[in-house]
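Structure data follow from model01.cif (mmCIF, C-alpha atoms):
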```
data_query
#
loop_
_atom_site.group_PDB
_atom_site.id
_atom_site.type_symbol
_atom_site.label_atom_id
_atom_site.label_comp_id
_atom_site.auth_asym_id
_atom_site.auth_seq_id
_atom_site.Cartn_x
_atom_site.Cartn_y
_atom_site.Cartn_z
ATOM 1 C CA MET E 146 65.442 85.678 103.657
ATOM 2 C CA THR E 147 64.187 86.792 107.061
ATOM 3 C CA VAL E 148 62.546 90.218 107.294
ATOM 4 C CA THR E 149 62.088 91.839 110.696
ATOM 5 C CA LEU E 150 60.186 95.041 111.381
ATOM 6 C CA ILE E 151 60.852 96.958 114.594
ATOM 7 C CA ARG E 152 57.962 99.376 114.898
ATOM 8 C CA ASN E 153 56.737 101.989 117.329
ATOM 9 C CA VAL E 154 60.152 103.159 118.521
ATOM 10 C CA ARG E 155 61.842 106.519 118.968
ATOM 11 C CA LEU E 156 64.870 107.045 116.722
ATOM 12 C CA THR E 157 67.950 109.186 117.242
ATOM 13 C CA GLY E 158 69.730 111.202 114.570
ATOM 14 C CA SER E 159 68.025 114.560 115.015
ATOM 15 C CA ASP E 160 67.852 117.108 117.812
ATOM 16 C CA GLU E 161 65.069 115.147 119.489
ATOM 17 C CA PRO E 162 64.225 111.423 119.136
ATOM 18 C CA THR E 163 61.372 110.964 116.675
ATOM 19 C CA PRO E 164 58.864 108.113 116.198
ATOM 20 C CA GLY E 165 59.670 105.582 113.523
ATOM 21 C CA ASN E 166 60.180 102.019 112.282
ATOM 22 C CA VAL E 167 63.242 100.025 111.243
ATOM 23 C CA LEU E 168 63.207 97.262 108.628
ATOM 24 C CA ILE E 169 65.906 94.550 108.762
ATOM 25 C CA ARG E 170 66.575 91.990 106.012
ATOM 26 C CA ASP E 171 68.896 89.103 106.873
ATOM 27 C CA GLY E 172 70.563 91.070 109.633
ATOM 28 C CA GLN E 173 71.024 94.267 107.610
ATOM 29 C CA ILE E 174 69.047 97.484 108.175
ATOM 30 C CA THR E 175 67.464 98.275 104.801
ATOM 31 C CA ALA E 176 64.925 100.983 105.662
ATOM 32 C CA VAL E 177 64.234 103.545 108.367
ATOM 33 C CA ASP E 178 60.890 105.349 108.407
ATOM 34 C CA ARG E 179 60.340 108.324 110.662
ATOM 35 C CA ASP E 180 56.639 107.649 110.982
ATOM 36 C CA THR E 181 54.288 106.147 113.549
ATOM 37 C CA GLY E 182 52.623 103.768 111.095
ATOM 38 C CA PRO E 183 53.780 100.271 110.089
ATOM 39 C CA GLY E 184 55.324 101.631 106.877
ATOM 40 C CA GLY E 185 53.518 99.187 104.584
ATOM 41 C CA TYR E 186 56.234 96.560 104.915
ATOM 42 C CA LYS E 187 55.638 92.813 104.927
ATOM 43 C CA ALA E 188 57.744 91.209 107.618
ATOM 44 C CA ASP E 189 58.238 87.700 108.933
ATOM 45 C CA VAL E 190 58.717 89.065 112.444
ATOM 46 C CA GLU E 191 57.300 92.242 113.959
ATOM 47 C CA ILE E 192 58.623 93.695 117.200
ATOM 48 C CA ASP E 193 56.634 96.380 118.993
ATOM 49 C CA GLY E 194 59.091 98.809 120.607
ATOM 50 C CA ASN E 195 56.353 100.277 122.814
ATOM 51 C CA GLY E 196 57.648 103.785 122.213
ATOM 52 C CA GLN E 197 61.093 103.013 123.632
ATOM 53 C CA LEU E 198 64.298 104.667 122.395
ATOM 54 C CA LEU E 199 66.162 102.613 119.762
ATOM 55 C CA ILE E 200 69.881 103.364 119.462
ATOM 56 C CA PRO E 201 72.892 101.669 117.805
ATOM 57 C CA GLY E 202 74.364 98.934 119.973
ATOM 58 C CA MET E 203 77.114 100.139 122.297
ATOM 59 C CA ILE E 204 80.633 98.676 122.431
ATOM 60 C CA ASP E 205 82.282 98.137 125.823
ATOM 61 C CA VAL E 206 86.043 98.424 125.303
ATOM 62 C CA HIS E 207 86.963 97.942 128.975
ATOM 63 C CA ILE E 208 85.208 95.216 130.938
ATOM 64 C CA HIS E 209 86.864 92.680 133.266
ATOM 65 C CA GLY E 210 83.813 90.775 134.444
ATOM 66 C CA ALA E 211 80.126 90.922 135.367
ATOM 67 C CA ASP E 212 77.522 89.272 137.584
ATOM 68 C CA GLY E 213 80.206 88.063 139.992
ATOM 69 C CA PHE E 214 82.359 86.526 137.244
ATOM 70 C CA ASP E 215 85.965 87.523 136.503
ATOM 71 C CA MET E 216 87.295 86.577 133.070
ATOM 72 C CA MET E 217 90.821 86.300 134.456
ATOM 73 C CA ASP E 218 89.781 82.991 136.036
ATOM 74 C CA GLY E 219 90.253 81.401 132.615
ATOM 75 C CA THR E 220 86.847 79.718 132.490
ATOM 76 C CA ILE E 221 84.456 79.663 129.578
ATOM 77 C CA ARG E 222 81.519 80.350 131.890
ATOM 78 C CA SER E 223 82.975 83.713 132.967
ATOM 79 C CA VAL E 224 83.315 84.874 129.374
ATOM 80 C CA GLU E 225 79.780 83.714 128.587
ATOM 81 C CA ALA E 226 78.454 85.560 131.667
ATOM 82 C CA VAL E 227 80.023 88.821 130.497
ATOM 83 C CA SER E 228 78.605 88.328 127.003
ATOM 84 C CA GLU E 229 75.128 87.860 128.461
ATOM 85 C CA ALA E 230 75.442 90.823 130.855
ATOM 86 C CA CYS E 231 76.610 93.130 128.067
ATOM 87 C CA ALA E 232 73.641 92.177 125.890
ATOM 88 C CA ARG E 233 71.213 92.930 128.743
ATOM 89 C CA THR E 234 72.614 96.429 129.139
ATOM 90 C CA GLY E 235 72.669 97.532 125.505
ATOM 91 C CA CYS E 236 76.173 96.483 124.428
ATOM 92 C CA THR E 237 76.262 94.444 121.249
ATOM 93 C CA SER E 238 80.013 93.768 121.420
ATOM 94 C CA PHE E 239 82.876 94.079 123.894
ATOM 95 C CA LEU E 240 86.616 93.757 124.402
ATOM 96 C CA ALA E 241 87.357 91.148 127.052
ATOM 97 C CA THR E 242 89.792 92.995 129.319
ATOM 98 C CA SER E 243 92.636 91.517 131.350
ATOM 99 C CA VAL E 244 94.451 92.854 134.412
ATOM 100 C CA SER E 245 98.160 92.695 135.231
ATOM 101 C CA SER E 246 99.026 89.078 135.905
ATOM 102 C CA SER E 247 101.467 86.297 135.193
ATOM 103 C CA LEU E 248 101.786 85.214 131.576
ATOM 104 C CA GLU E 249 100.258 81.882 132.550
ATOM 105 C CA SER E 250 97.087 83.558 133.840
ATOM 106 C CA LEU E 251 96.859 85.827 130.803
ATOM 107 C CA PHE E 252 97.239 82.877 128.443
ATOM 108 C CA GLY E 253 94.471 81.109 130.346
ATOM 109 C CA MET E 254 92.141 84.033 129.735
ATOM 110 C CA ILE E 255 93.150 84.247 126.076
ATOM 111 C CA SER E 256 92.307 80.556 125.692
ATOM 112 C CA SER E 257 88.836 80.867 127.226
ATOM 113 C CA VAL E 258 87.989 83.997 125.225
ATOM 114 C CA SER E 259 89.136 82.294 122.015
ATOM 115 C CA ARG E 260 86.934 79.288 122.715
ATOM 116 C CA VAL E 261 83.819 81.413 123.257
ATOM 117 C CA LYS E 262 84.391 83.849 120.375
ATOM 118 C CA GLY E 263 82.065 83.003 117.520
ATOM 119 C CA ARG E 264 79.526 81.166 119.675
ATOM 120 C CA GLU E 265 78.651 83.904 122.161
ATOM 121 C CA SER E 266 75.366 83.608 124.025
ATOM 122 C CA GLY E 267 74.949 87.391 124.134
ATOM 123 C CA ALA E 268 77.083 90.300 122.988
ATOM 124 C CA ARG E 269 79.772 89.554 120.424
ATOM 125 C CA ILE E 270 83.437 89.409 121.428
ATOM 126 C CA ALA E 271 85.207 92.030 119.316
ATOM 127 C CA GLY E 272 88.604 91.069 120.698
ATOM 128 C CA MET E 273 90.692 91.608 123.817
ATOM 129 C CA HIS E 274 91.971 94.646 125.681
ATOM 130 C CA ILE E 275 95.234 93.931 127.522
ATOM 131 C CA GLU E 276 95.399 96.298 130.518
ATOM 132 C CA GLY E 277 98.909 95.890 131.855
ATOM 133 C CA PRO E 278 101.275 94.540 132.998
ATOM 134 C CA PHE E 279 103.377 97.409 131.592
ATOM 135 C CA LEU E 280 102.058 99.989 134.042
ATOM 136 C CA ASN E 281 103.623 102.455 136.467
ATOM 137 C CA VAL E 282 103.591 101.307 140.085
ATOM 138 C CA LYS E 283 103.063 104.938 141.169
ATOM 139 C CA ARG E 284 99.636 104.870 139.531
ATOM 140 C CA LYS E 285 98.822 101.196 139.988
ATOM 141 C CA GLY E 286 95.273 101.678 141.315
ATOM 142 C CA MET E 287 93.761 98.215 141.773
ATOM 143 C CA GLN E 288 96.435 96.550 139.632
ATOM 144 C CA ASN E 289 98.528 93.994 141.530
ATOM 145 C CA GLU E 290 101.985 95.506 142.056
ATOM 146 C CA GLN E 291 103.486 92.011 142.100
ATOM 147 C CA PHE E 292 102.916 91.713 138.358
ATOM 148 C CA LEU E 293 103.807 95.229 137.184
ATOM 149 C CA ARG E 294 106.883 95.404 134.983
ATOM 150 C CA HIS E 295 108.567 97.483 132.292
ATOM 151 C CA PRO E 296 107.527 97.079 128.651
ATOM 152 C CA ASP E 297 109.198 94.048 127.105
ATOM 153 C CA LEU E 298 108.924 93.521 123.349
ATOM 154 C CA ASP E 299 109.776 89.825 123.585
ATOM 155 C CA GLU E 300 106.979 89.311 126.097
ATOM 156 C CA MET E 301 104.516 91.231 123.933
ATOM 157 C CA LYS E 302 105.526 89.162 120.905
ATOM 158 C CA ALA E 303 104.802 86.007 122.925
ATOM 159 C CA ILE E 304 101.385 87.385 123.887
ATOM 160 C CA LEU E 305 100.531 88.232 120.282
ATOM 161 C CA GLN E 306 101.726 84.840 119.085
ATOM 162 C CA ASN E 307 99.485 83.164 121.653
ATOM 163 C CA ALA E 308 96.455 85.353 120.945
ATOM 164 C CA GLY E 309 96.716 85.747 117.192
ATOM 165 C CA SER E 310 94.491 88.585 115.973
ATOM 166 C CA LEU E 311 92.456 88.635 119.191
ATOM 167 C CA ILE E 312 94.345 91.591 120.740
ATOM 168 C CA ARG E 313 92.746 94.891 119.710
ATOM 169 C CA MET E 314 93.883 97.291 122.452
ATOM 170 C CA VAL E 315 96.765 97.510 124.940
ATOM 171 C CA THR E 316 96.907 99.877 127.917
ATOM 172 C CA LEU E 317 100.383 100.834 129.095
ATOM 173 C CA ALA E 318 102.445 103.586 130.788
ATOM 174 C CA PRO E 319 104.540 105.083 127.969
ATOM 175 C CA GLU E 320 107.055 106.836 130.229
ATOM 176 C CA LEU E 321 108.482 103.530 131.458
ATOM 177 C CA PRO E 322 111.740 102.290 129.893
ATOM 178 C CA GLY E 323 110.848 100.769 126.532
ATOM 179 C CA GLY E 324 107.403 102.376 126.546
ATOM 180 C CA LEU E 325 107.698 104.412 123.354
ATOM 181 C CA GLU E 326 109.191 101.461 121.499
ATOM 182 C CA MET E 327 106.245 99.363 122.610
ATOM 183 C CA VAL E 328 103.799 102.040 121.421
ATOM 184 C CA ALA E 329 105.361 102.089 117.955
ATOM 185 C CA PHE E 330 105.528 98.278 117.830
ATOM 186 C CA LEU E 331 101.816 97.892 118.582
ATOM 187 C CA LYS E 332 100.745 100.759 116.345
ATOM 188 C CA ALA E 333 102.562 99.160 113.414
ATOM 189 C CA ARG E 334 100.476 96.028 113.943
ATOM 190 C CA GLY E 335 97.146 97.855 113.943
ATOM 191 C CA ILE E 336 96.614 97.550 117.702
ATOM 192 C CA ILE E 337 95.144 100.534 119.566
ATOM 193 C CA VAL E 338 97.543 101.836 122.223
ATOM 194 C CA SER E 339 95.907 103.391 125.272
ATOM 195 C CA VAL E 340 97.634 105.398 128.016
ATOM 196 C CA ALA E 341 96.760 104.818 131.685
ATOM 197 C CA HIS E 342 98.158 103.855 135.093
ATOM 198 C CA SER E 343 100.801 106.331 134.032
ATOM 199 C CA ASP E 344 102.895 109.000 135.735
ATOM 200 C CA ALA E 345 103.816 110.582 132.403
ATOM 201 C CA THR E 346 104.419 114.307 132.238
ATOM 202 C CA TYR E 347 102.736 116.412 129.576
ATOM 203 C CA GLU E 348 105.792 116.131 127.335
ATOM 204 C CA GLU E 349 106.079 112.355 127.866
ATOM 205 C CA ALA E 350 102.406 111.868 127.071
ATOM 206 C CA LYS E 351 102.763 114.057 123.978
ATOM 207 C CA GLN E 352 105.645 111.843 122.802
ATOM 208 C CA ALA E 353 103.471 108.770 123.298
ATOM 209 C CA PHE E 354 100.680 110.158 121.125
ATOM 210 C CA GLN E 355 103.167 111.238 118.489
ATOM 211 C CA SER E 356 104.533 107.675 118.520
ATOM 212 C CA GLY E 357 101.104 106.155 117.896
ATOM 213 C CA ALA E 358 99.030 106.082 121.094
ATOM 214 C CA SER E 359 95.455 107.143 120.347
ATOM 215 C CA HIS E 360 93.327 106.353 123.396
ATOM 216 C CA VAL E 361 93.173 106.942 127.154
ATOM 217 C CA THR E 362 91.867 104.355 129.608
ATOM 218 C CA HIS E 363 89.688 105.786 132.427
ATOM 219 C CA CYS E 364 90.762 109.377 131.696
ATOM 220 C CA PHE E 365 91.934 111.413 134.758
ATOM 221 C CA ASN E 366 91.929 108.233 136.843
ATOM 222 C CA GLY E 367 95.196 106.375 137.426
ATOM 223 C CA MET E 368 97.473 109.090 136.047
ATOM 224 C CA ARG E 369 99.419 112.176 137.105
ATOM 225 C CA PRO E 370 96.893 114.764 138.345
ATOM 226 C CA ILE E 371 96.697 118.428 137.346
ATOM 227 C CA HIS E 372 98.446 120.513 140.041
ATOM 228 C CA HIS E 373 97.820 124.163 140.758
ATOM 229 C CA ARG E 374 101.580 124.774 140.404
#
```

Mind converting the file's structure to structure tokens?
Amino acid sequence: MTVTLIRNVRLTGSDEPTPGNVLIRDGQITAVDRDTGPGGYKADVEIDGNGQLLIPGMIDVHIHGADGFDMMDGTIRSVEAVSEACARTGCTSFLATSVSSSLESLFGMISSVSRVKGRESGARIAGMHIEGPFLNVKRKGMQNEQFLRHPDLDEMKAILQNAGSLIRMVTLAPELPGGLEMVAFLKARGIIVSVAHSDATYEEAKQAFQSGASHVTHCFNGMRPIHHR
């Protein structure tokens, strides 16, 4: 059993961060003391937090690349680079996020993410976020119009078969033909459906959330704007 004591940190959980210590046994937090002293614990490893703020690790659910690397290139090194960059910036896990592409390119990314998952050099891979290709060309943003297409259940089934349980979130435009069916299909399989790059009206968006969508990707960006009329 390895016991680690993180001492001399500021802890959240109250109106203002307060001084304290955190005791960890075999990777599990077993004690939190809101005190400036060492807490009387015997530890194999002691880490002095130097009065810094200690918070739960963040989860990045939408990241395409980092440090000049793009995970859509299908290389293991790109996925490792994102894992390392996330860890440096306070994220303990992330969803490797694709962009609209050919199926071949997407499968290449799925392969590289699968090969790194479980042996990450930094933040843990929690799964994948598929952003597109079922997006509205009117709100394409930086997505490549060449690859945008209407929701296709057969294509999504092929993606899920290739990726297994790796897919955790899918961003789509629900107002497109087949969009609501896709929302229900993904929801039934425990996959988070996110709305974005969408020209949906209020009523169309409401239908999507009633059908199972539960998230919005880059809210107010890449969607129908609020008009004074």

- [ ] Any chance you could resolve the PyMOL selection byres ((chain E and resi 271) around 7) against this file and give the residues as a list in words?
- [x]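 Checking the PyMOL selection byres ((chain E and resi 271) around 7) against this file, the residues are Ser238, Phe239, Leu240, Arg269, Ile270 and Gly272 of chain E.
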
Pick out the closest residue to Ile275 of chain E from this set: E:Ser228, E:His209, E:Pro319, E:Cys236. Count all atoms listed in the file.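 Looking at the shortest contact to Ile275 of chain E, the residue is E:His209.
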
Exercise for review: Do a neighbour search on segment 280-297 of chain E at 6 Å with only C-alpha atoms, toss out local chain neighbours closer than 5 positions, and write the hits as number ranges by chain.
Suggested key: E: 245-246, 317-318, 323-324, 342-343, 367-368

| task | Go through E:Gly202, E:Gly210, E:Gly357, E:Pro322 and flag the residue nearest Arg334 of chain E, using only C-alpha atoms for the distances. | result |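 Using only C-alpha atoms, the shortest distance to Arg334 of chain E belongs to E:Gly357.
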
Correct to one decimal, the distance atom CA of Arg155 of chain E-atom CA of Leu198 of chain E is 4.6 Å

Please write the residues picked by the PyMOL selection byres ((chain E and resi 161-167) around 12) on this file as a ChimeraX atom specification. /E:148-160,168-170,172-186,188,190-201

Could you dump the residues just selected with C-alpha atoms as a PDB file, in the frame of the given file?
```pdb
ATOM      1  CA  VAL E 148      62.546  90.218 107.294  1.00  0.00           C
ATOM      2  CA  THR E 149      62.088  91.839 110.696  1.00  0.00           C
ATOM      3  CA  LEU E 150      60.186  95.041 111.381  1.00  0.00           C
ATOM      4  CA  ILE E 151      60.852  96.958 114.594  1.00  0.00           C
ATOM      5  CA  ARG E 152      57.962  99.376 114.898  1.00  0.00           C
ATOM      6  CA  ASN E 153      56.737 101.989 117.329  1.00  0.00           C
ATOM      7  CA  VAL E 154      60.152 103.159 118.521  1.00  0.00           C
ATOM      8  CA  ARG E 155      61.842 106.519 118.968  1.00  0.00           C
ATOM      9  CA  LEU E 156      64.870 107.045 116.722  1.00  0.00           C
ATOM     10  CA  THR E 157      67.950 109.186 117.242  1.00  0.00           C
ATOM     11  CA  GLY E 158      69.730 111.202 114.570  1.00  0.00           C
ATOM     12  CA  SER E 159      68.025 114.560 115.015  1.00  0.00           C
ATOM     13  CA  ASP E 160      67.852 117.108 117.812  1.00  0.00           C
ATOM     14  CA  LEU E 168      63.207  97.262 108.628  1.00  0.00           C
ATOM     15  CA  ILE E 169      65.906  94.550 108.762  1.00  0.00           C
ATOM     16  CA  ARG E 170      66.575  91.990 106.012  1.00  0.00           C
ATOM     17  CA  GLY E 172      70.563  91.070 109.633  1.00  0.00           C
ATOM     18  CA  GLN E 173      71.024  94.267 107.610  1.00  0.00           C
ATOM     19  CA  ILE E 174      69.047  97.484 108.175  1.00  0.00           C
ATOM     20  CA  THR E 175      67.464  98.275 104.801  1.00  0.00           C
ATOM     21  CA  ALA E 176      64.925 100.983 105.662  1.00  0.00           C
ATOM     22  CA  VAL E 177      64.234 103.545 108.367  1.00  0.00           C
ATOM     23  CA  ASP E 178      60.890 105.349 108.407  1.00  0.00           C
ATOM     24  CA  ARG E 179      60.340 108.324 110.662  1.00  0.00           C
ATOM     25  CA  ASP E 180      56.639 107.649 110.982  1.00  0.00           C
ATOM     26  CA  THR E 181      54.288 106.147 113.549  1.00  0.00           C
ATOM     27  CA  GLY E 182      52.623 103.768 111.095  1.00  0.00           C
ATOM     28  CA  PRO E 183      53.780 100.271 110.089  1.00  0.00           C
ATOM     29  CA  GLY E 184      55.324 101.631 106.877  1.00  0.00           C
ATOM     30  CA  GLY E 185      53.518  99.187 104.584  1.00  0.00           C
ATOM     31  CA  TYR E 186      56.234  96.560 104.915  1.00  0.00           C
ATOM     32  CA  ALA E 188      57.744  91.209 107.618  1.00  0.00           C
ATOM     33  CA  VAL E 190      58.717  89.065 112.444  1.00  0.00           C
ATOM     34  CA  GLU E 191      57.300  92.242 113.959  1.00  0.00           C
ATOM     35  CA  ILE E 192      58.623  93.695 117.200  1.00  0.00           C
ATOM     36  CA  ASP E 193      56.634  96.380 118.993  1.00  0.00           C
ATOM     37  CA  GLY E 194      59.091  98.809 120.607  1.00  0.00           C
ATOM     38  CA  ASN E 195      56.353 100.277 122.814  1.00  0.00           C
ATOM     39  CA  GLY E 196      57.648 103.785 122.213  1.00  0.00           C
ATOM     40  CA  GLN E 197      61.093 103.013 123.632  1.00  0.00           C
ATOM     41  CA  LEU E 198      64.298 104.667 122.395  1.00  0.00           C
ATOM     42  CA  LEU E 199      66.162 102.613 119.762  1.00  0.00           C
ATOM     43  CA  ILE E 200      69.881 103.364 119.462  1.00  0.00           C
ATOM     44  CA  PRO E 201      72.892 101.669 117.805  1.00  0.00           C
TER      45      PRO E 201
END
```

Among E:Val261, E:Ile312, E:Ile204, E:Met217, Leu331 of chain E is approached most closely, using all atoms listed in the file, by E:Ile312

Original post:
Which one is closest to His363 of chain E: E:Ala350, E:Ala341, E:Ala211, E:Leu305? Count only C-alpha atoms.
Top reply: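 Among E:Ala350, E:Ala341, E:Ala211, E:Leu305, it is E:Ala341 that comes nearest to His363 of chain E.
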
**OP:** Could you tell me which residues the PyMOL selection byres ((chain E and resi 260) around 12) grabs in this file, written as a PyMOL selection string?
**Re:** chain E and resi 219-225+253-259+261-265+270+308+311

| message | Quick one: residues within 10 Å of Gln355 of chain E, all atoms listed in the file, excluding same-chain residues fewer than 6 positions away - as a list of chain:residue names? | response |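 The residues satisfying every condition are E:Leu325, E:Val328, E:Ala329, E:Glu349.
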
*Which residues, written as JSON, numbers by chain, have at least one atom at most 8 Å from Ser359 of chain E, with all atoms listed in the file counted and residues fewer than 2 positions away on the same chain left out?*
{"E": [337, 338, 339, 354, 357, 361]}

Subject >> Residue neighbourhood Thr316 of chain E, 6 Å, only C-alpha atoms, exclusion window fewer than 5 positions, as a list in words >> reply: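 Listed by chain and then number, they are Glu276, Gly277, Ser339 and Val340 of chain E.
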